[in-house]
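Novice: Sharing a structure with you now.
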Amino acid sequence: MSGAVLVAVAAAIGNLLQGWDNATIAASVLYIKKEFKLESEPAVEGLIVAMSLIGATLITTCSGAIADWLGRRPVLIISSVLYFLSGIVMLWAPNVYILLLARLLDGFGIGLVVTLVPLYISETAPPEIRGSLNTLPQFTGSGGMFLSYCMVFGMSLTKSPSWRLMLGVLSIPSLVYFALTVFFLPESPRWLVSKGRMLEAKHVLQRLRGREDVSGEMALLVEGLGVGGETSFEEYIIGPADDIADDHDLSAEKDKIKLYGPERGQSWVARPVTDQSTIGLVSRHASMVNQSGLVDPLVSLFGSVHEKLPDTGSMRSMLFPHFGSMFSVGGNQARQEEWDEESLAREGDDYASDAVGGDSDDNLHSPLISRQTTSLEKDLGPPPHGSLASMRNNSLIGGEGAGSTGIGGGWQLAWKWSEREGQDGHKEGGFKRIYLHQEGVPASRRGSIVSVPGGDAATDGEFIQAAALVSQPALYSKELMNQHPVGPAMIHPSAATAKGPIWSDLFEPGVKHALVVGVGLQILQQFSGINGVLYYTPQILEQAGVGVLLSNMGISSASASLLISAITTLLMLPSIAVAMRLMDISGRRSLLLTTIPILIASLVILVLGSLVNMGSVVNASVSTVSVVLYFCFFVMGFGPVPNILCAEIFPTRVRGLCIAICALAFWIGDIIVTYSLPVMLKSVGLGGVFGMYAVVCVIAWVFVFLKVPETKGMPLEVIIEFFSVGAKQAAAAKNN
C-alpha cells in the first residue's frame, strides 16, 4: 500500500499551502496596514483577508463539475498554478487592488484543494487505511501553519520586515506541489473507469496497490458507476458443496454460486438460505429498536456490520483469499483493450465479443466466482454476445498470483444469474451483483462455534454465514432489460455514466440522505466555535502572562503574537497524529462522539471563566488549558472527520458535484461565523459567544448520534449501497 500512501502525502501538500497562506496573511496584515495606511479603513483591511474566502466560495460552486469533467488530477494541477501565480503577484503587488486580485487567485487555489484533495485521497486509498490517509490534509494544513508562523516570526525580528516577501514565499512550495501533481500523482482510477479508460485505471491501481492483480477492485470500480437501484438483503451459507447440501435447507440448485480454491478438487459453494440475515433484520426493524424513531435506521445498519466485522488488518480476505473476477486478464491483453474506450472501435452500441470457447465449471482455469449452468443457458447454446459467461472465459487463476475479489473490510464481490418463469411460461433470466460480508464465525456441521482460522481456508465440514447486498449490476442496462434480452445484457462502462442528466441523480434517496449528513456536518463544524477560539487565543495567552514573559526576553508584541500562534499550532500536530492512528480503528463516528463532549466542556469552562472572577492567574491558567484542550480535540475529531465522510458517502457519478455542495456549505458557514464574531462580541459578550458555540456543539453531538453512520474499513461502493438501502428503509418506516 506504499504507493497509495505516497500519493496521499503528495496530494496533501496542497493543504500545507492552504495552512501556510492562512498563517502568513494573518501575520503580514499587521505590516500591510502600515504601508497602505489602512488603520482608518478597517473594511479594506478585512477585505484583504476575506478575499481568499470569497475566491474559495466562488470556485467551489463549479469545482465539482470541473473535476467530474476534466478529472481530479488536472484540477489539482490548476490549483498549484493558481497558488504560484498568487504568490508571484503578492510578491509584486504595488497597490491594494493588485493585492486583492492576488488574494482572489489564492482563494481559487484554496477552494480547489479543499474540495478535491479529500475526494482524490478517498478514491485512491484502500479501505483499511482510507481514514488515516484522509487525515493527512488536516496534518499538513496545521504543519503548514506552524512552518509559516516560524518563518514570519523570524522575519518579524528583522529591522524592516517585508510583507511582500512573507506572502511571496508561497510561490516556492507551490512549485514543488506543481511538480508533484504533474510528474507523480496519477489520475483517480475511479474517474478513469467512469470514462471507460479501463487500461489506464488498471495500471494506476497496480501502481497504488503494489501488485499486478487488481481484478477484484477493477470490478468493484465498475460496479460503483450506478446510482440508486433496487437492493435486497439475503443470507448465504458458504462452505464445501456436499456439507452444505447435507446440513442446510437451501434454495434451488440454480441459485448457488460456486467458489473455487487454487488447488484442484477444492471448491466452495455459496447458496441463499431462507433465514433473514442480521443486517437485513436490522434494516427492517431499526425503527422498531428505537420506538421514538429518532435514530436513523442507517446508523444501526452500518453499526450491525462493524459489530460483525473481522479485524483482518490487510487487503487479504479472511474468507476467500483466492477469489477471481470478471476483470482478470490472464495474459490476454487484447481483451482489456476491447474494454478501453480509447482503443475500442465502436459501431453504434455494439462491442467486440470476448467469448473464446466452452464454459466449464469443473475447469480450474475458469473464474473462481461461478454458478451452475442454468437450464436457460442450456436452451440457448453458446453464450450471448457480451454476456457474463463470455467475460468469465478469460478469467484465469493460479497459485499466489490468483485474482481476488476481496474488496476490503471483509467484503467480497460476486455475481449470480437467476431465472424465473415469465408470464408467457418462458424462462427469464436475471443478472445480479452481490456484496458478501462475513456474519459471525465459521461453524461446524453440527453448528458448534469455532474460532476464525486467521486467513486460512476452513477445514472440511465447516461453513460460514455471509450477509449479502444483492442488486442490479452497473453494466446491466435498465433500457436493455426492459426489452427482455436473452442473457445478461451488458453495456460498456463509459455508457453507464454517459446517459441521463447528472442533476437528477441528486434526488436519489441515498444521495439526498448522504447530502443531509455531509452538509449538516460541514455547517455544524463551522458553528462549533473554531474560528472564535482561534480569534481569542492570543488574548487568552496574553492574559496567562506569556506575552509579558516574551517581552522580558526582548521580543516585540507583534513577534510575541506570532510566536504564541506558532506554539498553539505546534500543539495540534501530535493530536492529529493520534487521530490518524485512530481513524481506522475507533472509526469516524466514535471519534466525533468522544471528542465533541470535550469541546463542550472546554467552551463551558471558557464561559465560566469570563463570568466568574477567580483571580487573574487562575482565570488565565484555566482559560489556557481549555483553549489547548479545545484545539487538540477539535483536530482529532470535528476538524478532519466531516471532510473524510463527505469524500466517502457519495456515488462516483456525482461525487465531485456533491462534495462541492458540501464544501460550499463549509465556506458559507466560515464567512458567516468570521464576520458575525465581532458583532456578537459587542452584543452578547465573550461569555455569550462561547455559550452559543457550546450549544451548537451539543446539537452537533446529537446530530452525529442520530444521523452519522460509521464507515471505517468499508469500500466506497458498499457505503453508497448502504446509504441507498438505508434511505429507502427510513422512508418506509416513516410511511408506516
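Within each chain, counting starts at residue 1; across the C-alpha cells, chains are named A, B, ... in the order shown, with ligands numbered 1 upward in that order.
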Within 12 Å of Leu677 (chain A), counting only C-alpha atoms, which residues show up once you throw out same-chain ones fewer than 2 positions away? Write them as a VMD selection string, please.

Specialist: chain A and resid 527 529 to 536 670 to 675 679 to 686 688 to 690 692 to 693

Novice: Would you please work out which residue, of A:Gly107, A:Pro642, A:Gly510, A:Gly691, is nearest to Met51 (chain A) when using only C-alpha atoms?

Specialist: A:Gly107

Novice: Run DSSP on the backbone and give me the residues of region 46-237 of chain A it puts in alpha helix (DSSP H), as a ChimeraX atom specification.

Specialist: /A:46-70,72-92,96-124,130-133,136-156,163-168,171-183,189-194,198-209,215-223

Novice: Would you mind reading off the distance between CA of Asn95 (chain A) and CA of Ala558 (chain A), one decimal, in Å?

Specialist: 23.4 Å

Novice: Find the residues around Ile88 (chain A) up to 10 Å (only C-alpha atoms counted), leave out those fewer than 2 positions away in its own chain, and share them as a list in words.

Specialist: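 With the cut-off at 10 Å, the set is Leu82, Tyr83, Phe84, Leu85, Ser86, Met90, Leu91, Trp92, Ala93, Ala102, Arg164, Leu165, Leu167, Gly168, Val169, Leu170, Ser171 and Ile172 of chain A.
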
Novice: Work out how far apart CA of Glu710 (chain A) and CA of Pro126 (chain A) are and give it in Å to one decimal.

Specialist: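 Between these atoms lies a distance of 16.6 Å.
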
Novice: Neighbours of region 575-578 of chain A within 8 Å (only C-alpha atoms; same-chain residues fewer than 4 positions away dropped), as a list in words?

Specialist: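 Everything that qualifies: Thr135, Gln138, Phe139, Leu571, Leu582, Cys632, Phe633, Val635 and Met636 of chain A.
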
Novice: Generate a file of the selected residues that holds N, CA, C and O atoms, formatted as a short mmCIF file (atom, residue, chain, number, x, y, z; two decimals), in the first residue's frame.

Specialist:
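Result file is again.cif:
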```cif
data_model
loop_
_atom_site.label_atom_id
_atom_site.label_comp_id
_atom_site.auth_asym_id
_atom_site.auth_seq_id
_atom_site.Cartn_x
_atom_site.Cartn_y
_atom_site.Cartn_z
N THR A 135 -6.76 11.89 6.86
CA THR A 135 -6.45 12.81 7.96
C THR A 135 -5.19 13.60 7.64
O THR A 135 -4.90 14.62 8.28
N GLN A 138 -5.44 17.44 7.16
CA GLN A 138 -5.51 18.18 8.42
C GLN A 138 -4.11 18.35 9.01
O GLN A 138 -3.75 19.42 9.49
N PHE A 139 -3.32 17.27 8.93
CA PHE A 139 -1.96 17.32 9.49
C PHE A 139 -1.08 18.28 8.71
O PHE A 139 -0.37 19.11 9.29
N LEU A 571 1.02 22.47 19.03
CA LEU A 571 0.34 21.55 19.94
C LEU A 571 -0.69 20.69 19.21
O LEU A 571 -1.06 19.61 19.68
N LEU A 582 -6.20 6.50 15.02
CA LEU A 582 -7.49 6.01 15.50
C LEU A 582 -8.59 6.02 14.44
O LEU A 582 -9.61 5.37 14.61
N CYS A 632 -6.78 20.66 20.58
CA CYS A 632 -6.28 19.30 20.42
C CYS A 632 -7.40 18.33 20.07
O CYS A 632 -7.24 17.46 19.19
N PHE A 633 -8.55 18.47 20.73
CA PHE A 633 -9.64 17.53 20.47
C PHE A 633 -10.44 17.91 19.23
O PHE A 633 -11.06 17.04 18.60
N VAL A 635 -9.04 19.00 16.38
CA VAL A 635 -8.30 18.45 15.23
C VAL A 635 -8.28 16.93 15.26
O VAL A 635 -7.91 16.29 14.26
N MET A 636 -8.70 16.31 16.36
CA MET A 636 -8.81 14.85 16.41
C MET A 636 -10.14 14.36 15.85
O MET A 636 -10.24 13.23 15.38
#
```

Novice: Report, in Å with one decimal, the straight-line distance from CA of Ala12 (chain A) to CA of Val628 (chain A).

Specialist: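 Interatomic distance, CA of Ala12 (chain A) to CA of Val628 (chain A): 24.8 Å.
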
Novice: Considering only C-alpha atoms, state which residue in the set A:Glu200, A:Ile649, A:Ile585, A:Leu524 is at the smallest distance from Ala665 (chain A).

Specialist: A:Leu524

Novice: Which residue out of A:Leu133, A:Ile659, A:Val81, A:Val75 has the minimum interatomic distance to Arg581 (chain A) when only C-alpha atoms are used?

Specialist: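 Ranked by minimum distance to Arg581 (chain A), first place goes to A:Leu133.
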
Novice: Name the residues in contact with Trp415 (chain A) at a cut-off of 7 Å, using only C-alpha atoms, excluding same-chain residues fewer than 3 positions from it; report them as a list in words.

Specialist: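 Those residues are Lys432, Arg433 and Ile434 of chain A.
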
Novice: Select, from A:Leu221, A:Ile644, A:Leu549, A:Ile237, the residue with the minimum atom-to-atom distance to Thr711 (chain A), counting only C-alpha atoms.

Specialist: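 When distances to Thr711 (chain A) are compared using only C-alpha atoms, the smallest one comes from A:Ile644.
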